[in-house]
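Q: If you scroll down you'll find the structure; I have some questions about it.
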Amino acid sequence: MVLQTMIVRVSDSLPLAASMQEDEQSGRDLQKYQSQAKQLCQKLNEQSPARCTLEAGAMSFHYVIEKGVCYLAFCEAGFPKKLVYGFLEELEREFNDQYGAKILSVSRPYFFIEFDTYIQKTKRLYIDDRARRNLSSVNSELHDVHRIMVANIEEVLQRGEALSALESKASNLSSLSKKYRNNAKYLNTRSTYAKVAAGAVIFITFIVYVRFWWL
């Protein structure tokens, strides 16, 4: 299930709204994960991936960034990605509808704390058994979650890198992979040409030998 939700302005990491503390309700200590969530939000910038999942052992962090606002939730690692991203995108639509014109002007933390009522209501819908049974319809308009970037939160926080570095590295890996494929194709082509050339040399040599022998 979704244990806690945060809505943060990306430009300055100002918390705009959050769900209620779930420590007592869940029967577990979430202080460590709450601290990691805050650190994570501080690393976000305009170049950060728009959607990302960060694994944290028994928990996972998932976030969506839209219009300069990050919608982040952490939940049990086994909670379906499609449900949590459906939940976050639902929050994004409603939050932007209600407060979109005010987001850039507020300066006080948790200025929109009353939005917690909507967060709680929506969360109940997404953890309900009916939502799980209707997973396909819940996600009819979602991005392909299999293509969402996945990283380890401990590694990201310990390296002290901004999350934009993840996207840059992923882009570099993609470029290297493409370069490798092109090089492999080039080498295969050269190998084919070499085999054809070798065959031609052998054939010409054979013809010359036969003609010389008959002479």
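Residue names in the structure tokens use chain letters A, B, ... in the order shown, residue numbers from 1 in each chain, and ligand numbers from 1 in the order shown.
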Please identify which residues in segment 36-128 of chain A DSSP calls strand (DSSP E) from the backbone, and express them as a list in words.
A: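 Restricting segment 36-128 of chain A to strand (DSSP E) produces Arg51, Cys52, Thr53, Leu54, Glu55, Ala56, Met59, Ser60, Phe61, His62, Tyr63, Val64, Ile65, Glu66, Val69, Cys70, Tyr71, Leu72, Ala73, Phe74, Cys75 and Glu76 of chain A.
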Q: Give me a file of those residues, with N, CA and C atoms, as an mmCIF file, in the first residue's frame.
A:
data_model
loop_
_atom_site.group_PDB
_atom_site.id
_atom_site.type_symbol
_atom_site.label_atom_id
_atom_site.label_comp_id
_atom_site.auth_asym_id
_atom_site.auth_seq_id
_atom_site.Cartn_x
_atom_site.Cartn_y
_atom_site.Cartn_z
ATOM 1 N N ARG A 51 9.573 10.755 -14.615
ATOM 2 C CA ARG A 51 9.011 9.638 -13.866
ATOM 3 C C ARG A 51 10.144 8.711 -13.468
ATOM 4 N N CYS A 52 10.165 8.339 -12.205
ATOM 5 C CA CYS A 52 11.278 7.518 -11.740
ATOM 6 C C CYS A 52 10.854 6.693 -10.533
ATOM 7 N N THR A 53 11.424 5.492 -10.435
ATOM 8 C CA THR A 53 11.228 4.625 -9.279
ATOM 9 C C THR A 53 12.583 4.386 -8.630
ATOM 10 N N LEU A 54 12.656 4.546 -7.320
ATOM 11 C CA LEU A 54 13.895 4.299 -6.589
ATOM 12 C C LEU A 54 13.634 3.225 -5.536
ATOM 13 N N GLU A 55 14.408 2.172 -5.605
ATOM 14 C CA GLU A 55 14.210 1.031 -4.711
ATOM 15 C C GLU A 55 14.939 1.260 -3.401
ATOM 16 N N ALA A 56 14.291 0.869 -2.294
ATOM 17 C CA ALA A 56 14.875 1.051 -0.965
ATOM 18 C C ALA A 56 14.583 -0.172 -0.107
ATOM 19 N N MET A 59 10.937 -1.076 0.693
ATOM 20 C CA MET A 59 10.109 0.036 0.225
ATOM 21 C C MET A 59 10.562 0.476 -1.165
ATOM 22 N N SER A 60 9.704 1.224 -1.820
ATOM 23 C CA SER A 60 10.047 1.835 -3.106
ATOM 24 C C SER A 60 9.506 3.258 -3.132
ATOM 25 N N PHE A 61 10.287 4.157 -3.720
ATOM 26 C CA PHE A 61 9.864 5.531 -3.926
ATOM 27 C C PHE A 61 9.485 5.683 -5.398
ATOM 28 N N HIS A 62 8.375 6.343 -5.650
ATOM 29 C CA HIS A 62 7.929 6.603 -7.019
ATOM 30 C C HIS A 62 7.552 8.074 -7.111
ATOM 31 N N TYR A 63 7.934 8.713 -8.203
ATOM 32 C CA TYR A 63 7.518 10.105 -8.340
ATOM 33 C C TYR A 63 7.164 10.442 -9.779
ATOM 34 N N VAL A 64 6.345 11.478 -9.898
ATOM 35 C CA VAL A 64 5.944 12.053 -11.180
ATOM 36 C C VAL A 64 6.193 13.550 -11.098
ATOM 37 N N ILE A 65 6.835 14.130 -12.105
ATOM 38 C CA ILE A 65 7.040 15.584 -12.152
ATOM 39 C C ILE A 65 6.241 16.155 -13.312
ATOM 40 N N GLU A 66 5.383 17.109 -13.007
ATOM 41 C CA GLU A 66 4.583 17.799 -14.022
ATOM 42 C C GLU A 66 4.502 19.275 -13.672
ATOM 43 N N VAL A 69 6.213 20.580 -10.514
ATOM 44 C CA VAL A 69 5.807 20.038 -9.219
ATOM 45 C C VAL A 69 6.061 18.534 -9.199
ATOM 46 N N CYS A 70 6.633 18.056 -8.089
ATOM 47 C CA CYS A 70 6.893 16.625 -7.917
ATOM 48 C C CYS A 70 5.829 16.010 -7.022
ATOM 49 N N TYR A 71 5.259 14.907 -7.474
ATOM 50 C CA TYR A 71 4.273 14.131 -6.708
ATOM 51 C C TYR A 71 4.952 12.814 -6.364
ATOM 52 N N LEU A 72 5.302 12.653 -5.093
ATOM 53 C CA LEU A 72 6.108 11.516 -4.665
ATOM 54 C C LEU A 72 5.361 10.662 -3.655
ATOM 55 N N ALA A 73 5.502 9.361 -3.798
ATOM 56 C CA ALA A 73 4.906 8.437 -2.831
ATOM 57 C C ALA A 73 5.896 7.332 -2.536
ATOM 58 N N PHE A 74 5.936 6.891 -1.285
ATOM 59 C CA PHE A 74 6.692 5.669 -1.024
ATOM 60 C C PHE A 74 5.730 4.626 -0.476
ATOM 61 N N CYS A 75 6.005 3.395 -0.871
ATOM 62 C CA CYS A 75 5.087 2.321 -0.549
ATOM 63 C C CYS A 75 5.863 1.009 -0.426
ATOM 64 N N GLU A 76 5.166 -0.033 -0.058
ATOM 65 C CA GLU A 76 5.789 -1.347 0.015
ATOM 66 C C GLU A 76 6.285 -1.739 -1.367
#
